[in-house]
$ cat protein-v3.tsv   # TSV, C-alpha atoms
chain	number	residue	atom	x	y	z
A	1	MET	CA	0.00	0.00	0.00
A	2	GLN	CA	2.85	2.40	0.84
A	3	ASN	CA	4.47	1.68	-2.53
A	4	LEU	CA	1.13	2.30	-4.28
A	5	VAL	CA	0.79	5.71	-2.58
A	6	LEU	CA	4.31	6.64	-3.66
A	7	ARG	CA	3.51	5.56	-7.22
A	8	ILE	CA	0.40	7.77	-7.27
A	9	ILE	CA	2.28	10.81	-5.93
A	10	SER	CA	5.15	10.30	-8.35
A	11	SER	CA	2.67	9.89	-11.20
A	12	PHE	CA	1.69	13.53	-10.73
A	13	PHE	CA	5.24	14.62	-11.51
A	14	LEU	CA	5.35	12.21	-14.44
A	15	PHE	CA	2.21	13.88	-15.74
A	16	LEU	CA	4.01	17.25	-15.59
A	17	PHE	CA	6.90	15.72	-17.53
A	18	PHE	CA	4.59	14.41	-20.24
A	19	TYR	CA	2.88	17.80	-20.36
A	20	SER	CA	6.29	19.41	-20.95
A	21	ILE	CA	6.85	17.05	-23.88
A	22	LEU	CA	3.47	17.88	-25.41
A	23	ALA	CA	3.40	21.59	-24.58
A	24	GLU	CA	3.86	24.15	-27.32
A	25	ILE	CA	6.42	25.93	-25.12
A	26	LYS	CA	9.66	24.88	-26.79
A	27	TYR	CA	11.88	25.49	-23.78
A	28	LEU	CA	9.89	23.00	-21.72
A	29	PHE	CA	10.33	20.43	-24.46
A	30	PHE	CA	14.09	21.11	-24.69
A	31	LEU	CA	14.55	20.79	-20.92
A	32	SER	CA	12.52	17.57	-20.84
A	33	ILE	CA	14.61	16.02	-23.63
A	34	HIS	CA	17.92	16.92	-21.96
A	35	PHE	CA	16.65	15.59	-18.64
A	36	LEU	CA	15.41	12.36	-20.22
A	37	ILE	CA	18.61	11.55	-22.11
A	38	SER	CA	20.91	12.60	-19.24
A	39	MET	CA	19.14	10.57	-16.56
A	40	SER	CA	18.56	7.54	-18.80
A	41	ILE	CA	22.20	7.32	-19.86
A	42	TRP	CA	23.40	8.05	-16.32
A	43	GLU	CA	21.34	5.12	-15.02
A	44	PHE	CA	22.50	2.81	-17.80
A	45	LEU	CA	26.19	3.62	-17.41
A	46	ARG	CA	26.00	3.36	-13.64
A	47	LEU	CA	24.36	-0.08	-13.95
A	48	SER	CA	27.05	-1.15	-16.42
A	49	ASN	CA	29.78	-0.08	-14.00
A	50	PHE	CA	27.96	-1.73	-11.12
A	51	ARG	CA	27.90	-4.97	-13.06
A	52	LEU	CA	31.70	-4.99	-13.32
A	53	PHE	CA	32.19	-4.82	-9.57
A	54	GLN	CA	29.59	-7.34	-8.44
A	55	ASN	CA	29.72	-11.05	-7.94
A	56	ASN	CA	26.91	-13.37	-8.98
A	57	SER	CA	24.69	-12.62	-5.99
A	58	TYR	CA	21.38	-10.85	-6.60
A	59	GLU	CA	21.52	-7.51	-4.76
A	60	LYS	CA	17.84	-6.99	-3.99
A	61	THR	CA	17.95	-3.71	-2.06
A	62	GLY	CA	20.12	-1.74	-4.48
A	63	PHE	CA	22.01	-0.37	-1.47
A	64	LEU	CA	25.39	-0.71	-3.12
A	65	LEU	CA	24.06	0.64	-6.42
A	66	THR	CA	23.22	3.96	-4.74
A	67	ARG	CA	26.95	4.36	-4.07
A	68	GLN	CA	28.07	3.46	-7.56
A	69	LYS	CA	29.83	6.35	-9.30
A	70	ILE	CA	30.36	7.08	-12.97
A	71	ASN	CA	33.76	7.85	-14.47
A	72	PHE	CA	35.21	10.45	-16.81
A	73	PHE	CA	34.19	8.49	-19.90
A	74	ASP	CA	30.60	8.35	-18.64
A	75	TYR	CA	30.41	12.09	-18.04
A	76	THR	CA	31.92	12.73	-21.48
A	77	THR	CA	29.33	10.42	-23.05
A	78	ILE	CA	26.44	12.26	-21.37
A	79	ILE	CA	27.83	15.64	-22.50
A	80	PHE	CA	28.30	14.39	-26.07
A	81	LEU	CA	24.74	13.07	-26.23
A	82	ASN	CA	23.30	16.32	-24.91
A	83	ILE	CA	25.23	18.21	-27.59
A	84	LEU	CA	23.79	15.88	-30.24
A	85	CYS	CA	20.28	16.51	-28.89
A	86	PHE	CA	20.92	20.25	-28.95
A	87	PHE	CA	21.96	20.18	-32.62
A	88	LEU	CA	18.91	18.08	-33.50
A	89	ILE	CA	16.62	20.48	-31.67
A	90	LYS	CA	18.21	23.40	-33.53
A	91	ASN	CA	17.95	21.41	-36.80
A	92	SER	CA	21.71	21.74	-37.34
A	93	MET	CA	22.11	18.43	-39.14
A	94	TYR	CA	25.67	19.03	-40.37
A	95	LEU	CA	26.92	19.70	-36.87
A	96	PHE	CA	24.92	16.74	-35.62
A	97	PHE	CA	26.61	14.32	-38.03
A	98	ILE	CA	30.05	15.80	-37.36
A	99	PHE	CA	29.67	15.35	-33.62
A	100	PHE	CA	28.09	11.93	-34.15
A	101	LEU	CA	31.21	10.87	-36.06
A	102	LEU	CA	33.43	12.26	-33.29
A	103	PHE	CA	31.30	10.39	-30.78
A	104	PHE	CA	31.73	7.15	-32.72
A	105	LEU	CA	35.51	7.66	-32.93
A	106	PHE	CA	35.58	8.36	-29.22
A	107	PHE	CA	33.95	4.97	-28.61
A	108	PHE	CA	36.36	3.29	-31.03
A	109	PHE	CA	39.54	4.62	-29.41
A	110	GLN	CA	38.23	3.94	-25.92
A	111	ARG	CA	37.54	0.32	-26.97
A	112	ILE	CA	34.12	0.34	-25.40
A	113	SER	CA	32.37	-3.04	-25.18
A	114	PHE	CA	29.68	-3.82	-27.73
A	115	GLU	CA	26.99	-4.25	-25.05
A	116	LYS	CA	27.65	-0.76	-23.68
A	117	VAL	CA	27.58	0.79	-27.16
A	118	PHE	CA	24.38	-1.10	-28.00
A	119	GLY	CA	22.72	0.02	-24.75
A	120	ILE	CA	23.60	3.66	-25.31
A	121	PHE	CA	22.20	3.67	-28.84
A	122	TYR	CA	19.15	1.65	-27.75
A	123	ILE	CA	18.29	4.48	-25.36
A	124	CYS	CA	19.35	7.43	-27.53
A	125	LEU	CA	17.82	6.61	-30.91
A	126	PRO	CA	14.16	6.84	-29.74
A	127	ILE	CA	14.94	10.20	-28.13
A	128	PHE	CA	16.57	11.43	-31.35
A	129	PHE	CA	13.47	10.35	-33.30
A	130	LEU	CA	11.28	12.10	-30.75
A	131	ILE	CA	13.14	15.35	-31.43
A	132	LEU	CA	12.81	14.91	-35.21
A	133	LEU	CA	9.07	14.29	-34.87
A	134	ARG	CA	8.61	17.48	-32.83
A	135	ASN	CA	7.85	19.60	-35.89
A	136	GLU	CA	5.46	17.10	-37.47
A	137	GLU	CA	1.78	18.00	-37.60
A	138	ASP	CA	0.69	14.77	-35.89
A	139	PHE	CA	3.39	14.89	-33.20
A	140	ARG	CA	1.03	15.33	-30.24
A	141	ILE	CA	-1.31	12.59	-31.47
A	142	TYR	CA	1.62	10.21	-31.81
A	143	ILE	CA	2.95	11.03	-28.32
A	144	PHE	CA	-0.55	10.70	-26.89
A	145	PHE	CA	-0.81	7.16	-28.28
A	146	ILE	CA	2.61	6.25	-26.88
A	147	ILE	CA	1.68	7.53	-23.42
A	148	PHE	CA	-1.80	5.97	-23.59
A	149	TYR	CA	-0.59	2.47	-24.45
A	150	SER	CA	2.37	2.62	-22.11
A	151	ILE	CA	0.28	3.60	-19.09
A	152	THR	CA	-2.74	1.38	-19.78
A	153	THR	CA	-0.56	-1.64	-20.55
A	154	ASP	CA	1.49	-1.21	-17.38
A	155	VAL	CA	-1.51	-0.56	-15.14
A	156	ALA	CA	-3.58	-3.40	-16.60
A	157	SER	CA	-0.68	-5.86	-16.38
A	158	PHE	CA	0.01	-4.91	-12.76
A	159	PHE	CA	-3.55	-5.12	-11.42
A	160	VAL	CA	-4.69	-8.13	-13.47
A	161	GLY	CA	-1.52	-9.99	-12.51
A	162	LYS	CA	-2.07	-9.18	-8.83
A	163	LEU	CA	-5.74	-10.16	-9.03
A	164	PHE	CA	-5.46	-13.46	-10.89
A	165	GLY	CA	-1.82	-14.49	-10.45
A	166	GLY	CA	-1.09	-17.85	-12.02
A	167	ILE	CA	1.69	-19.02	-14.30
A	168	LYS	CA	4.81	-16.87	-14.38
A	169	LEU	CA	5.57	-15.31	-17.75
A	170	VAL	CA	9.38	-15.34	-17.68
A	171	PRO	CA	10.44	-16.08	-14.08
A	172	LYS	CA	14.17	-15.96	-14.85
A	173	ILE	CA	13.89	-12.40	-16.15
A	174	SER	CA	11.00	-10.88	-14.17
A	175	PRO	CA	9.64	-13.11	-11.37
A	176	GLY	CA	6.62	-10.87	-10.71
A	177	LYS	CA	5.15	-10.95	-14.21
A	178	THR	CA	2.43	-13.50	-14.96
A	179	VAL	CA	0.72	-14.76	-18.09
A	180	SER	CA	-2.60	-13.41	-16.79
A	181	GLY	CA	-1.04	-9.98	-16.28
A	182	SER	CA	0.40	-10.01	-19.78
A	183	LEU	CA	-2.98	-10.91	-21.28
A	184	GLY	CA	-4.63	-8.20	-19.19
A	185	GLY	CA	-2.07	-5.74	-20.55
A	186	ILE	CA	-3.26	-6.59	-24.04
A	187	ILE	CA	-7.02	-6.94	-23.53
A	188	LEU	CA	-7.73	-3.83	-21.44
A	189	PRO	CA	-5.91	-1.36	-23.77
A	190	LEU	CA	-7.70	-3.05	-26.68
A	191	LEU	CA	-11.13	-2.55	-25.07
A	192	LEU	CA	-10.34	1.06	-24.21
A	193	SER	CA	-9.11	1.68	-27.76
A	194	LEU	CA	-12.31	0.27	-29.23
A	195	ILE	CA	-14.39	2.43	-26.87
A	196	PHE	CA	-12.50	5.70	-27.38
A	197	PHE	CA	-11.41	5.47	-31.00
A	198	SER	CA	-14.16	3.49	-32.72
A	199	ASN	CA	-16.04	6.70	-33.62
A	200	HIS	CA	-13.08	8.01	-35.58
A	201	GLN	CA	-12.29	7.28	-39.21
A	202	SER	CA	-9.98	4.38	-38.36
A	203	SER	CA	-11.38	0.94	-39.10
A	204	PHE	CA	-12.09	-1.66	-36.43
A	205	PHE	CA	-9.43	-3.95	-37.89
A	206	LEU	CA	-6.75	-1.21	-37.80
A	207	ILE	CA	-7.57	-0.29	-34.18
A	208	PHE	CA	-7.51	-3.98	-33.23
A	209	LEU	CA	-4.09	-4.66	-34.76
A	210	THR	CA	-2.54	-1.36	-33.63
A	211	SER	CA	-3.65	-1.83	-30.04
A	212	ILE	CA	-2.30	-5.38	-29.78
A	213	PHE	CA	0.97	-4.40	-31.50
A	214	PHE	CA	1.57	-1.38	-29.23
A	215	SER	CA	0.73	-3.34	-26.07
A	216	LEU	CA	3.10	-6.14	-27.05
A	217	ILE	CA	5.89	-3.66	-27.80
A	218	VAL	CA	5.44	-2.01	-24.39
A	219	GLN	CA	5.70	-5.39	-22.65
A	220	ILE	CA	8.73	-6.44	-24.70
A	221	GLY	CA	10.47	-3.17	-23.83
A	222	ASP	CA	9.68	-3.81	-20.17
A	223	LEU	CA	11.17	-7.32	-20.38
A	224	ILE	CA	14.31	-6.05	-22.12
A	225	GLU	CA	14.92	-3.58	-19.32
A	226	SER	CA	14.12	-6.21	-16.67
A	227	SER	CA	16.60	-8.57	-18.33
A	228	PHE	CA	19.31	-5.92	-18.19
A	229	LYS	CA	18.60	-5.22	-14.50
A	230	ARG	CA	18.76	-8.94	-13.76
A	231	TYR	CA	22.06	-9.06	-15.67
A	232	CYS	CA	23.35	-6.28	-13.39
A	233	PHE	CA	22.05	-7.94	-10.18
A	234	VAL	CA	19.61	-5.13	-9.27
A	235	LYS	CA	15.85	-4.77	-8.95
A	236	GLU	CA	15.53	-1.11	-10.01
A	237	SER	CA	17.68	1.09	-12.23
A	238	SER	CA	17.73	3.84	-9.55
A	239	ASN	CA	15.48	5.51	-6.98
A	240	LEU	CA	14.96	8.79	-8.84
A	241	ILE	CA	11.17	8.28	-9.05
A	242	PRO	CA	9.80	7.04	-5.70
A	243	GLY	CA	7.48	4.07	-6.14
A	244	HIS	CA	8.49	3.61	-9.77
A	245	GLY	CA	12.25	3.15	-9.53
A	246	GLY	CA	14.33	4.99	-12.08
A	247	VAL	CA	13.83	6.68	-15.42
A	248	LEU	CA	14.61	3.44	-17.27
A	249	ASP	CA	12.05	1.62	-15.10
A	250	ARG	CA	9.32	4.08	-15.97
A	251	PHE	CA	10.11	4.64	-19.65
A	252	ASP	CA	11.24	1.12	-20.57
A	253	GLY	CA	8.23	0.42	-22.79
A	254	LEU	CA	8.45	3.81	-24.49
A	255	PHE	CA	11.93	3.24	-25.91
A	256	LEU	CA	10.68	0.59	-28.33
A	257	LEU	CA	7.54	2.53	-29.28

$ encode --input "protein-v3.tsv" --output "structure tokens"
Amino acid sequence: MQNLVLRIISSFFLFLFFYSILAEIKYLFFLSIHFLISMSIWEFLRLSNFRLFQNNSYEKTGFLLTRQKINFFDYTTIIFLNILCFFLIKNSMYLFFIFFLLFFLFFFFQRISFEKVFGIFYICLPIFFLILLRNEEDFRIYIFFIIFYSITTDVASFFVGKLFGGIKLVPKISPGKTVSGSLGGIILPLLLSLIFFSNHQSSFFLIFLTSIFFSLIVQIGDLIESSFKRYCFVKESSNLIPGHGGVLDRFDGLFLL
């Protein structure tokens, strides 16, 4: 119950963040993007470093993770990525590609592991696309759908799984997830989509397929992030968002969407 209260309170601040993304005030959007990429990469790099210094025990409390520091390379990576976001926001594509090449060379000479490079780009590319979509006419509709399916899938999976329980979905990756919760995370968003969007021009078949596809993508993104946390011997990516964990915990499904 205490965790549920924290989740509800934190959800208010998440709502403000989503409002900043959707708002027509450009500076709010810019600040939100820089915050999102900085905190996401900070969490990922800190988890990667934490992995190197841990044995094969599962550290459930995350106590040691809270004391894990990032190094000079990590700070440089975060600065580089923020510069790339800045050039994208300003639509300075030449400067973006120049710095992207420098960023790639920086990785090459530092001999960074493939898994770290893959993780960084897995997080950054959706944020880059989000910036590029900012000037599109349907940007807010697209973001609304992402937020809608992410929230409804997570909420439905959580409550249906708690209510019905049953067979575990992938116990080695995420012990708390059940098959019933996964099905609930597909069925409830589908029903809500049919209720809210059936009066629009979209066909029933298109709504049906889109809803199932989006819900599955959200759950796959969640499992990918859970797998990485399990790989790093932690339960949450950080404690930045009380009741939710870290930025990667809350936005895991959005990265694939």

$ closest_residue --input "protein-v3.tsv" --among "A:Leu133, A:Ile207, A:Leu223, A:Ile146" --to "Pro171 (chain A)" --atoms "all atoms listed in the file"
A:Leu223

$ residues_near_point --input "protein-v3.tsv" --point "(-6.9, 0.6, -18.4)" --cutoff "10 Å" --atoms "all atoms listed in the file" --output "PDB file with C-alpha atoms, keeping the file's coordinate frame"
ATOM      1  CA  PHE A 148      -1.800   5.970 -23.590  1.00  0.00           C
ATOM      2  CA  TYR A 149      -0.590   2.470 -24.450  1.00  0.00           C
ATOM      3  CA  ILE A 151       0.280   3.600 -19.090  1.00  0.00           C
ATOM      4  CA  THR A 152      -2.740   1.380 -19.780  1.00  0.00           C
ATOM      5  CA  THR A 153      -0.560  -1.640 -20.550  1.00  0.00           C
ATOM      6  CA  ASP A 154       1.490  -1.210 -17.380  1.00  0.00           C
ATOM      7  CA  VAL A 155      -1.510  -0.560 -15.140  1.00  0.00           C
ATOM      8  CA  ALA A 156      -3.580  -3.400 -16.600  1.00  0.00           C
ATOM      9  CA  SER A 157      -0.680  -5.860 -16.380  1.00  0.00           C
ATOM     10  CA  PHE A 159      -3.550  -5.120 -11.420  1.00  0.00           C
ATOM     11  CA  GLY A 184      -4.630  -8.200 -19.190  1.00  0.00           C
ATOM     12  CA  GLY A 185      -2.070  -5.740 -20.550  1.00  0.00           C
ATOM     13  CA  ILE A 186      -3.260  -6.590 -24.040  1.00  0.00           C
ATOM     14  CA  ILE A 187      -7.020  -6.940 -23.530  1.00  0.00           C
ATOM     15  CA  LEU A 188      -7.730  -3.830 -21.440  1.00  0.00           C
ATOM     16  CA  PRO A 189      -5.910  -1.360 -23.770  1.00  0.00           C
ATOM     17  CA  LEU A 190      -7.700  -3.050 -26.680  1.00  0.00           C
ATOM     18  CA  LEU A 191     -11.130  -2.550 -25.070  1.00  0.00           C
ATOM     19  CA  LEU A 192     -10.340   1.060 -24.210  1.00  0.00           C
ATOM     20  CA  SER A 193      -9.110   1.680 -27.760  1.00  0.00           C
TER      21      SER A 193
END

$ atom_distance --input "protein-v3.tsv" --atom1 "CA of Phe12 (chain A)" --atom2 "CA of Arg140 (chain A)"
19.6 Å

$ atom_distance --input "protein-v3.tsv" --atom1 "CA of Trp42 (chain A)" --atom2 "CA of Thr77 (chain A)"
9.3 Å

$ closest_residue --input "protein-v3.tsv" --among "A:Leu105, A:Leu216, A:Ile21, A:Leu125" --to "Ile33 (chain A)" --atoms "all atoms listed in the file"
A:Ile21

$ residues_around --input "protein-v3.tsv" --residues "Ile147 (chain A)" --least-positions-apart "3" --cutoff "10 Å" --atoms "only C-alpha atoms" --output "list in words"
Phe15, Phe18, Ile141, Tyr142, Ile143, Phe144, Ser150, Ile151, Thr152, Thr153, Phe251, Gly253, Leu254 and Leu257 of chain A

$ atom_distance --input "protein-v3.tsv" --atom1 "CA of Phe158 (chain A)" --atom2 "CA of Val234 (chain A)"
19.9 Å

$ closest_residue --input "protein-v3.tsv" --among "A:Ile212, A:Leu101, A:Val218, A:Leu194" --to "Leu81 (chain A)" --atoms "all atoms listed in the file"
A:Leu101

$ axis_aligned_box --input "protein-v3.tsv" --around "region 75-82 of chain A" --padding-each-side "3 Å" --output "lines of an AutoDock Vina configuration file"
center_x = 27.6
center_y = 13.4
center_z = -22.1
size_x = 14.6
size_y = 11.9
size_z = 14.2

$ closest_residue --input "protein-v3.tsv" --among "A:Leu28, A:Ile9, A:Leu45, A:Ala23" --to "Glu115 (chain A)" --atoms "only C-alpha atoms"
A:Leu45

$ residues_around --input "protein-v3.tsv" --residues "region 224-228 of chain A" --least-positions-apart "5" --cutoff "12 Å" --atoms "all atoms listed in the file" --output "PDB file with C-alpha atoms, keeping the file's coordinate frame"
ATOM      1  CA  SER A  40      18.560   7.540 -18.800  1.00  0.00           C
ATOM      2  CA  GLU A  43      21.340   5.120 -15.020  1.00  0.00           C
ATOM      3  CA  PHE A  44      22.500   2.810 -17.800  1.00  0.00           C
ATOM      4  CA  LEU A  45      26.190   3.620 -17.410  1.00  0.00           C
ATOM      5  CA  LEU A  47      24.360  -0.080 -13.950  1.00  0.00           C
ATOM      6  CA  SER A  48      27.050  -1.150 -16.420  1.00  0.00           C
ATOM      7  CA  PHE A  50      27.960  -1.730 -11.120  1.00  0.00           C
ATOM      8  CA  ARG A  51      27.900  -4.970 -13.060  1.00  0.00           C
ATOM      9  CA  GLU A 115      26.990  -4.250 -25.050  1.00  0.00           C
ATOM     10  CA  LYS A 116      27.650  -0.760 -23.680  1.00  0.00           C
ATOM     11  CA  GLY A 119      22.720   0.020 -24.750  1.00  0.00           C
ATOM     12  CA  TYR A 122      19.150   1.650 -27.750  1.00  0.00           C
ATOM     13  CA  ILE A 123      18.290   4.480 -25.360  1.00  0.00           C
ATOM     14  CA  VAL A 170       9.380 -15.340 -17.680  1.00  0.00           C
ATOM     15  CA  PRO A 171      10.440 -16.080 -14.080  1.00  0.00           C
ATOM     16  CA  LYS A 172      14.170 -15.960 -14.850  1.00  0.00           C
ATOM     17  CA  ILE A 173      13.890 -12.400 -16.150  1.00  0.00           C
ATOM     18  CA  SER A 174      11.000 -10.880 -14.170  1.00  0.00           C
ATOM     19  CA  PRO A 175       9.640 -13.110 -11.370  1.00  0.00           C
ATOM     20  CA  GLY A 176       6.620 -10.870 -10.710  1.00  0.00           C
ATOM     21  CA  LYS A 177       5.150 -10.950 -14.210  1.00  0.00           C
ATOM     22  CA  ILE A 217       5.890  -3.660 -27.800  1.00  0.00           C
ATOM     23  CA  VAL A 218       5.440  -2.010 -24.390  1.00  0.00           C
ATOM     24  CA  GLN A 219       5.700  -5.390 -22.650  1.00  0.00           C
ATOM     25  CA  PHE A 233      22.050  -7.940 -10.180  1.00  0.00           C
ATOM     26  CA  VAL A 234      19.610  -5.130  -9.270  1.00  0.00           C
ATOM     27  CA  LYS A 235      15.850  -4.770  -8.950  1.00  0.00           C
ATOM     28  CA  GLU A 236      15.530  -1.110 -10.010  1.00  0.00           C
ATOM     29  CA  SER A 237      17.680   1.090 -12.230  1.00  0.00           C
ATOM     30  CA  GLY A 245      12.250   3.150  -9.530  1.00  0.00           C
ATOM     31  CA  GLY A 246      14.330   4.990 -12.080  1.00  0.00           C
ATOM     32  CA  VAL A 247      13.830   6.680 -15.420  1.00  0.00           C
ATOM     33  CA  LEU A 248      14.610   3.440 -17.270  1.00  0.00           C
ATOM     34  CA  ASP A 249      12.050   1.620 -15.100  1.00  0.00           C
ATOM     35  CA  ARG A 250       9.320   4.080 -15.970  1.00  0.00           C
ATOM     36  CA  PHE A 251      10.110   4.640 -19.650  1.00  0.00           C
ATOM     37  CA  ASP A 252      11.240   1.120 -20.570  1.00  0.00           C
ATOM     38  CA  GLY A 253       8.230   0.420 -22.790  1.00  0.00           C
ATOM     39  CA  LEU A 254       8.450   3.810 -24.490  1.00  0.00           C
ATOM     40  CA  PHE A 255      11.930   3.240 -25.910  1.00  0.00           C
ATOM     41  CA  LEU A 256      10.680   0.590 -28.330  1.00  0.00           C
TER      42      LEU A 256
END

$ closest_residue --input "protein-v3.tsv" --among "A:Ser211, A:Gly181, A:Leu36, A:Ile195" --to "Phe128 (chain A)" --atoms "only C-alpha atoms"
A:Leu36

$ residues_around --input "protein-v3.tsv" --residues "Asn91 (chain A)" --least-positions-apart "3" --cutoff "12 Å" --atoms "all atoms listed in the file" --output "PyMOL selection string"
chain A and resi 84-88+94-97+128+131-135

$ write_last_selection --input "protein-v3.tsv" --atoms "C-alpha atoms" --output "mmCIF file, in the coordinates of the input"
data_model
loop_
_atom_site.group_PDB
_atom_site.id
_atom_site.type_symbol
_atom_site.label_atom_id
_atom_site.label_comp_id
_atom_site.auth_asym_id
_atom_site.auth_seq_id
_atom_site.Cartn_x
_atom_site.Cartn_y
_atom_site.Cartn_z
ATOM 1 C CA LEU A 84 23.790 15.880 -30.240
ATOM 2 C CA CYS A 85 20.280 16.510 -28.890
ATOM 3 C CA PHE A 86 20.920 20.250 -28.950
ATOM 4 C CA PHE A 87 21.960 20.180 -32.620
ATOM 5 C CA LEU A 88 18.910 18.080 -33.500
ATOM 6 C CA TYR A 94 25.670 19.030 -40.370
ATOM 7 C CA LEU A 95 26.920 19.700 -36.870
ATOM 8 C CA PHE A 96 24.920 16.740 -35.620
ATOM 9 C CA PHE A 97 26.610 14.320 -38.030
ATOM 10 C CA PHE A 128 16.570 11.430 -31.350
ATOM 11 C CA ILE A 131 13.140 15.350 -31.430
ATOM 12 C CA LEU A 132 12.810 14.910 -35.210
ATOM 13 C CA LEU A 133 9.070 14.290 -34.870
ATOM 14 C CA ARG A 134 8.610 17.480 -32.830
ATOM 15 C CA ASN A 135 7.850 19.600 -35.890
#
